[in-house]
$ cat start_23.pdb   # PDB, C-alpha atoms and all ligand atoms
ATOM      1  CA  MET A   1       0.000   0.000   0.000
ATOM      2  CA  ASN A   2       1.041   3.601  -0.553
ATOM      3  CA  LEU A   3       0.772   6.095   2.254
ATOM      4  CA  ILE A   4       0.908   9.843   2.597
ATOM      5  CA  ILE A   5       1.764  11.443   5.906
ATOM      6  CA  MET A   6       0.601  15.040   5.956
ATOM      7  CA  GLY A   7       0.828  17.946   8.354
ATOM      8  CA  LYS A   8       2.339  21.365   8.917
ATOM      9  CA  PRO A   9       6.091  21.719   9.197
ATOM     10  CA  GLY A  10       6.840  20.490  12.727
ATOM     11  CA  ALA A  11       3.695  18.358  12.988
ATOM     12  CA  GLY A  12       5.857  15.272  13.491
ATOM     13  CA  LYS A  13       5.824  13.731  10.003
ATOM     14  CA  GLY A  14       9.521  12.860  10.070
ATOM     15  CA  THR A  15       9.358  11.513  13.621
ATOM     16  CA  GLN A  16       6.325   9.341  12.900
ATOM     17  CA  THR A  17       7.828   8.117   9.648
ATOM     18  CA  ALA A  18      10.989   6.994  11.425
ATOM     19  CA  ARG A  19       8.913   5.313  14.163
ATOM     20  CA  LEU A  20       6.670   3.580  11.621
ATOM     21  CA  LEU A  21       9.664   2.061   9.853
ATOM     22  CA  LYS A  22      10.438   0.040  12.985
ATOM     23  CA  ASP A  23       7.130  -1.806  12.457
ATOM     24  CA  LYS A  24       6.434  -1.606   8.755
ATOM     25  CA  ASN A  25       8.320  -1.839   5.528
ATOM     26  CA  PHE A  26       7.993   1.281   3.419
ATOM     27  CA  LYS A  27      10.235   3.043   0.952
ATOM     28  CA  VAL A  28      10.232   6.628   2.228
ATOM     29  CA  ILE A  29      10.150   9.568  -0.141
ATOM     30  CA  ALA A  30      10.618  12.793   1.821
ATOM     31  CA  THR A  31      10.770  15.591  -0.715
ATOM     32  CA  GLY A  32      12.263  18.070   1.790
ATOM     33  CA  ASP A  33      15.198  15.665   2.346
ATOM     34  CA  LEU A  34      15.598  15.096  -1.398
ATOM     35  CA  ILE A  35      15.723  18.847  -1.934
ATOM     36  CA  ARG A  36      18.317  19.351   0.784
ATOM     37  CA  GLN A  37      20.362  16.528  -0.745
ATOM     38  CA  GLU A  38      20.288  18.186  -4.180
ATOM     39  CA  ILE A  39      21.337  21.497  -2.570
ATOM     40  CA  ARG A  40      24.212  19.866  -0.683
ATOM     41  CA  ASN A  41      25.404  18.184  -3.887
ATOM     42  CA  ASN A  42      25.173  21.565  -5.614
ATOM     43  CA  SER A  43      23.498  19.871  -8.593
ATOM     44  CA  SER A  44      21.760  21.990 -11.203
ATOM     45  CA  LEU A  45      18.400  21.012  -9.667
ATOM     46  CA  GLY A  46      19.811  21.949  -6.276
ATOM     47  CA  GLN A  47      20.816  25.387  -7.510
ATOM     48  CA  GLU A  48      17.342  25.863  -8.953
ATOM     49  CA  VAL A  49      15.499  25.016  -5.728
ATOM     50  CA  LYS A  50      17.790  26.644  -3.143
ATOM     51  CA  SER A  51      16.280  30.130  -3.271
ATOM     52  CA  TYR A  52      12.764  28.780  -2.767
ATOM     53  CA  SER A  53      13.536  26.447   0.093
ATOM     54  CA  ASP A  54      15.765  28.963   1.943
ATOM     55  CA  LYS A  55      12.882  31.408   1.945
ATOM     56  CA  GLY A  56      10.277  28.863   3.015
ATOM     57  CA  LEU A  57       8.486  28.999  -0.331
ATOM     58  CA  LEU A  58       7.217  25.937  -2.138
ATOM     59  CA  VAL A  59       9.407  24.713  -4.960
ATOM     60  CA  PRO A  60       7.502  24.879  -8.295
ATOM     61  CA  ASP A  61       5.575  21.704  -9.147
ATOM     62  CA  THR A  62       7.539  20.955 -12.331
ATOM     63  CA  ILE A  63      10.853  20.913 -10.449
ATOM     64  CA  ILE A  64       9.586  18.930  -7.485
ATOM     65  CA  LEU A  65       8.077  16.337  -9.831
ATOM     66  CA  LYS A  66      11.391  16.046 -11.664
ATOM     67  CA  ILE A  67      13.151  15.383  -8.356
ATOM     68  CA  LEU A  68      10.471  12.910  -7.270
ATOM     69  CA  LYS A  69      10.612  10.908 -10.489
ATOM     70  CA  LYS A  70      14.395  10.681 -10.146
ATOM     71  CA  HIS A  71      14.001   8.861  -6.836
ATOM     72  CA  ILE A  72      10.904   6.744  -7.266
ATOM     73  CA  ASN A  73      11.669   3.421  -8.852
ATOM     74  CA  LYS A  74       8.663   1.410  -7.764
ATOM     75  CA  ALA A  75       5.107   2.440  -7.089
ATOM     76  CA  LYS A  76       4.395   0.034  -4.243
ATOM     77  CA  ASP A  77       4.736   0.426  -0.476
ATOM     78  CA  VAL A  78       5.896   4.008  -0.695
ATOM     79  CA  LEU A  79       5.458   6.418   2.194
ATOM     80  CA  PHE A  80       5.370  10.047   1.117
ATOM     81  CA  ASP A  81       6.453  12.641   3.647
ATOM     82  CA  GLY A  82       6.053  16.266   2.565
ATOM     83  CA  PHE A  83       4.527  15.344  -0.771
ATOM     84  CA  PRO A  84       2.107  16.269  -2.278
ATOM     85  CA  ARG A  85       1.895  19.872  -1.124
ATOM     86  CA  THR A  86      -0.321  21.199  -3.929
ATOM     87  CA  ILE A  87      -3.383  19.914  -5.740
ATOM     88  CA  ASN A  88      -1.355  19.658  -8.939
ATOM     89  CA  GLN A  89       1.182  17.417  -7.251
ATOM     90  CA  ALA A  90      -1.659  15.294  -5.842
ATOM     91  CA  LYS A  91      -3.163  14.831  -9.289
ATOM     92  CA  GLU A  92       0.225  13.867 -10.751
ATOM     93  CA  LEU A  93       0.774  11.397  -7.941
ATOM     94  CA  GLU A  94      -2.381   9.515  -8.945
ATOM     95  CA  ASN A  95      -0.466   8.384 -12.057
ATOM     96  CA  ILE A  96       2.868   7.758 -10.358
ATOM     97  CA  ALA A  97       1.985   5.883  -7.147
ATOM     98  CA  LYS A  98      -1.681   6.073  -6.246
ATOM     99  CA  PRO A  99      -2.067   6.626  -2.490
ATOM    100  CA  ASP A 100      -4.264   4.251  -0.463
ATOM    101  CA  LEU A 101      -4.264   6.205   2.804
ATOM    102  CA  VAL A 102      -3.648   9.816   3.757
ATOM    103  CA  LEU A 103      -2.778  10.356   7.407
ATOM    104  CA  PHE A 104      -3.011  13.950   8.551
ATOM    105  CA  LEU A 105      -1.277  15.050  11.768
ATOM    106  CA  HIS A 106      -3.124  18.041  13.160
ATOM    107  CA  VAL A 107      -1.134  20.385  15.434
ATOM    108  CA  ASP A 108      -1.779  24.044  16.370
ATOM    109  CA  ASP A 109       0.561  26.746  15.063
ATOM    110  CA  GLU A 110       1.941  27.748  18.495
ATOM    111  CA  ILE A 111       3.067  24.188  19.159
ATOM    112  CA  VAL A 112       4.791  23.712  15.804
ATOM    113  CA  ILE A 113       6.577  27.070  16.073
ATOM    114  CA  LYS A 114       7.928  26.018  19.459
ATOM    115  CA  ARG A 115       8.909  22.550  18.181
ATOM    116  CA  ILE A 116      10.707  23.877  15.115
ATOM    117  CA  SER A 117      12.526  26.620  17.034
ATOM    118  CA  ASN A 118      13.956  23.983  19.385
ATOM    119  CA  ARG A 119      14.719  21.272  16.871
ATOM    120  CA  GLN A 120      18.238  20.408  15.820
ATOM    121  CA  THR A 121      19.480  18.716  12.692
ATOM    122  CA  VAL A 122      22.542  16.491  12.536
ATOM    123  CA  LEU A 123      24.222  15.754   9.242
ATOM    124  CA  HIS A 124      25.530  12.189   9.433
ATOM    125  CA  GLU A 125      26.736  10.194   6.398
ATOM    126  CA  ASN A 126      25.105  12.693   4.030
ATOM    127  CA  LYS A 127      21.700  12.279   5.702
ATOM    128  CA  ASN A 128      19.763  14.592   8.000
ATOM    129  CA  PHE A 129      18.736  13.337  11.422
ATOM    130  CA  ILE A 130      16.311  15.570  13.285
ATOM    131  CA  PHE A 131      16.134  15.836  17.088
ATOM    132  CA  PRO A 132      13.665  17.716  19.297
ATOM    133  CA  ASN A 133      16.474  19.448  21.226
ATOM    134  CA  LYS A 134      20.221  20.059  21.339
ATOM    135  CA  GLU A 135      20.832  17.563  24.138
ATOM    136  CA  GLN A 136      19.553  14.613  22.122
ATOM    137  CA  ALA A 137      21.366  15.774  18.986
ATOM    138  CA  GLU A 138      24.677  15.953  20.857
ATOM    139  CA  LYS A 139      24.118  12.516  22.370
ATOM    140  CA  PHE A 140      23.686  11.098  18.848
ATOM    141  CA  ILE A 141      26.860  12.830  17.628
ATOM    142  CA  ALA A 142      28.874  11.461  20.578
ATOM    143  CA  LYS A 143      27.693   7.945  19.701
ATOM    144  CA  LYS A 144      27.629   7.912  15.909
ATOM    145  CA  GLY A 145      29.386  11.070  14.721
ATOM    146  CA  GLY A 146      28.133  13.855  12.478
ATOM    147  CA  VAL A 147      27.807  17.606  12.734
ATOM    148  CA  LEU A 148      25.125  19.901  14.043
ATOM    149  CA  ILE A 149      23.613  22.029  11.274
ATOM    150  CA  LYS A 150      20.956  24.688  11.460
ATOM    151  CA  ARG A 151      18.415  24.394   8.676
ATOM    152  CA  LYS A 152      18.253  27.764   6.951
ATOM    153  CA  ASP A 153      14.455  27.576   6.993
ATOM    154  CA  ASP A 154      14.148  26.764  10.700
ATOM    155  CA  THR A 155      14.107  30.381  11.894
ATOM    156  CA  LYS A 156      10.941  31.854  13.364
ATOM    157  CA  GLU A 157      10.518  34.292  10.469
ATOM    158  CA  VAL A 158      10.741  31.560   7.839
ATOM    159  CA  ILE A 159       8.606  29.150   9.883
ATOM    160  CA  VAL A 160       5.744  31.656   9.887
ATOM    161  CA  LYS A 161       6.084  31.928   6.105
ATOM    162  CA  ARG A 162       6.158  28.150   5.695
ATOM    163  CA  LEU A 163       3.001  27.863   7.785
ATOM    164  CA  LYS A 164       1.289  30.464   5.601
ATOM    165  CA  GLU A 165       2.336  28.622   2.442
ATOM    166  CA  TYR A 166       1.070  25.425   3.997
ATOM    167  CA  GLN A 167      -2.282  26.941   4.923
ATOM    168  CA  GLU A 168      -2.842  28.251   1.419
ATOM    169  CA  HIS A 169      -2.592  24.853  -0.214
ATOM    170  CA  THR A 170      -3.846  22.445   2.429
ATOM    171  CA  LYS A 171      -7.578  22.938   2.252
ATOM    172  CA  GLU A 172      -7.766  21.963  -1.393
ATOM    173  CA  LEU A 173      -5.564  18.930  -0.827
ATOM    174  CA  VAL A 174      -7.545  17.786   2.194
ATOM    175  CA  ASN A 175     -10.808  18.085   0.250
ATOM    176  CA  PHE A 176      -9.288  16.151  -2.650
ATOM    177  CA  TYR A 177      -8.405  13.203  -0.420
ATOM    178  CA  LYS A 178     -11.571  13.443   1.678
ATOM    179  CA  SER A 179     -13.612  13.045  -1.486
ATOM    180  CA  LYS A 180     -11.719   9.812  -2.166
ATOM    181  CA  ASN A 181     -12.503   8.545   1.351
ATOM    182  CA  ILE A 182      -8.878   7.841   2.152
ATOM    183  CA  PHE A 183      -8.289  10.754   4.547
ATOM    184  CA  TYR A 184      -7.720  10.335   8.310
ATOM    185  CA  SER A 185      -6.989  13.178  10.721
ATOM    186  CA  LEU A 186      -5.107  12.529  13.983
ATOM    187  CA  ASP A 187      -4.177  14.707  16.939
ATOM    188  CA  GLY A 188      -0.443  15.245  16.345
ATOM    189  CA  SER A 189       0.078  17.065  19.642
ATOM    190  CA  LYS A 190      -0.080  13.806  21.594
ATOM    191  CA  ASN A 191       3.186  12.070  22.465
ATOM    192  CA  VAL A 192       5.146  10.131  19.832
ATOM    193  CA  GLU A 193       4.034   6.656  20.958
ATOM    194  CA  GLU A 194       0.364   7.591  21.222
ATOM    195  CA  VAL A 195       0.305   9.058  17.719
ATOM    196  CA  HIS A 196       2.258   6.075  16.425
ATOM    197  CA  LYS A 197      -0.242   3.630  17.860
ATOM    198  CA  GLU A 198      -3.139   5.453  16.218
ATOM    199  CA  LEU A 199      -1.313   5.519  12.865
ATOM    200  CA  LEU A 200      -0.556   1.843  13.113
ATOM    201  CA  ASP A 201      -4.178   0.976  13.943
ATOM    202  CA  ILE A 202      -5.405   2.799  10.833
ATOM    203  CA  ILE A 203      -2.813   1.072   8.634
ATOM    204  CA  ASN A 204      -3.518  -2.383  10.072
ATOM    205  CA  ASN A 205      -7.269  -1.891   9.716
ATOM    206  CA  PHE A 206      -6.799  -0.975   6.087
ATOM    207  CA  ASN A 207      -4.797  -4.140   5.466
ATOM    208  CA  SER A 208      -7.227  -6.470   7.216
TER     209      SER A 208
HETATM  210  P1  LIG B 301      10.209  19.968   4.507
HETATM  211  O1  LIG B 301      11.486  19.402   5.025
HETATM  212  O2  LIG B 301       9.239  18.921   4.067
HETATM  213  O3  LIG B 301       9.591  20.958   5.472
HETATM  214  O4  LIG B 301      10.565  20.814   3.175
HETATM  215  C1  LIG B 301      11.492  21.879   3.208
HETATM  216  C2  LIG B 301      11.298  22.778   2.005
HETATM  217  O5  LIG B 301      11.445  22.031   0.790
HETATM  218  C3  LIG B 301       9.914  23.416   1.877
HETATM  219  O6  LIG B 301       9.802  24.609   2.622
HETATM  220  C4  LIG B 301       9.837  23.685   0.373
HETATM  221  O7  LIG B 301      10.610  24.790   0.005
HETATM  222  C5  LIG B 301      10.517  22.456  -0.205
HETATM  223  N1  LIG B 301       9.572  21.333  -0.470
HETATM  224  C6  LIG B 301       9.540  20.102   0.117
HETATM  225  N2  LIG B 301       8.575  19.326  -0.377
HETATM  226  C7  LIG B 301       7.943  20.075  -1.315
HETATM  227  C8  LIG B 301       6.837  19.854  -2.187
HETATM  228  N3  LIG B 301       6.159  18.685  -2.200
HETATM  229  N4  LIG B 301       6.464  20.872  -3.023
HETATM  230  C9  LIG B 301       7.123  22.032  -3.028
HETATM  231  N5  LIG B 301       8.165  22.319  -2.238
HETATM  232  C10 LIG B 301       8.592  21.363  -1.381
END
$ encode --input "start_23.pdb" --output "structure tokens" --more "lines below"
Ligand code: AMP
Amino acid sequence: MNLIIMGKPGAGKGTQTARLLKDKNFKVIATGDLIRQEIRNNSSLGQEVKSYSDKGLLVPDTIILKILKKHINKAKDVLFDGFPRTINQAKELENIAKPDLVLFLHVDDEIVIKRISNRQTVLHENKNFIFPNKEQAEKFIAKKGGVLIKRKDDTKEVIVKRLKEYQEHTKELVNFYKSKNIFYSLDGSKNVEEVHKELLDIINNFNS
């Protein structure tokens, strides 16, 4: 089955995705990570998207679809994190890897602003690992190595812009998936294990 995990920046998509992978086998496509990878590699796509992502603006659909298609090699058991973000992307996805379930993590703005302001990213073996605070990030570095990096778009000013961008596009997307009867909304402000259990229940019910 193909799954979409949706929610504002800071809603816990990355955290829940990582937790889910301990129980289920999915190939994860996180477009934010793919974009940051392209930027780090300074590829031509990376150069094209940098100005958008640094400012907290959505990358144009044509570019994001190009990046997506580069990384998707099978259309089964894919978990999308951060994609689709626009109705156009959602419609394209129907032909690439049709989603079976859309899981929406609902969290209020004040909570996500606080979460994102505190969160720390560690670059380890060319991959980003995100932690809720500096203490946990440093613990990881001491154990496995890596460096602490500050995401350019994790400042309060940019977060507010990202939330606005998110708001503008979400309603249409939510309605699109609601009309297909594959949309589930969960309270993303609960603790990680509680949210995980609810996600898992929905997935297992779908499979049975
Ligand atoms: P994320 O890590 O998912 O919060 O994404 C970080 C940034 O990457 C966003 O602020 C956008 O600039 C860009 N981005 C990620 N996914 C998409 C998408 N599906 N469509 C457009 N832009 C995206």
$ closest_residue --input "start_23.pdb" --among "A:Lys171, A:Arg36, A:Lys8, A:Lys180" --to "Ile67 (chain A)" --atoms "all atoms listed in the file"
A:Arg36
$ residues_near_ligand --input "start_23.pdb" --ligand "ligand LIG 301 (chain B)" --cutoff "9 Å" --atoms "only C-alpha atoms and all ligand atoms" --output "PyMOL selection string"
chain A and resi 8-10+13-14+30-36+49-61+63-65+68+81-86+89+153+158-159+161-162+165-166
$ closest_residue --input "start_23.pdb" --among "A:Asn181, A:Gln16, A:Asn118, A:Ser44" --to "Asp100 (chain A)" --atoms "all atoms listed in the file"
A:Asn181
$ resolve_selection --input "start_23.pdb" --expression "the PyMOL selection byres (((chain A and resi 184-200) around 12) and not hetatm)" --output "MDAnalysis selection string"
chainID A and resid 3:24 100:112 114:115 132 174:175 177:183 201:207
$ atom_distance --input "start_23.pdb" --atom1 "CA of Lys127 (chain A)" --atom2 "CA of Lys150 (chain A)"
13.7 Å
$ atom_distance --input "start_23.pdb" --atom1 "CA of Gln37 (chain A)" --atom2 "CA of Glu125 (chain A)"
11.5 Å
$ closest_residue --input "start_23.pdb" --among "A:Ile113, A:Met1, A:Leu93, A:Leu79" --to "Ile29 (chain A)" --atoms "all atoms listed in the file"
A:Leu79
$ atom_distance --input "start_23.pdb" --atom1 "CA of Val78 (chain A)" --atom2 "CA of Val122 (chain A)"
24.7 Å
$ closest_residue --input "start_23.pdb" --among "A:Arg119, A:Lys27, A:His169, A:Lys91" --to "Lys76 (chain A)" --atoms "all atoms listed in the file"
A:Lys27
$ closest_residue --input "start_23.pdb" --among "A:Gly145, A:Glu48, A:Gln120, A:Asp154" --to "Asn133 (chain A)" --atoms "all atoms listed in the file"
A:Gln120
$ resolve_selection --input "start_23.pdb" --expression "the PyMOL selection byres (((chain A and resi 138) around 12) and not hetatm)" --output "PyMOL selection string"
chain A and resi 119-123+129-137+139-149
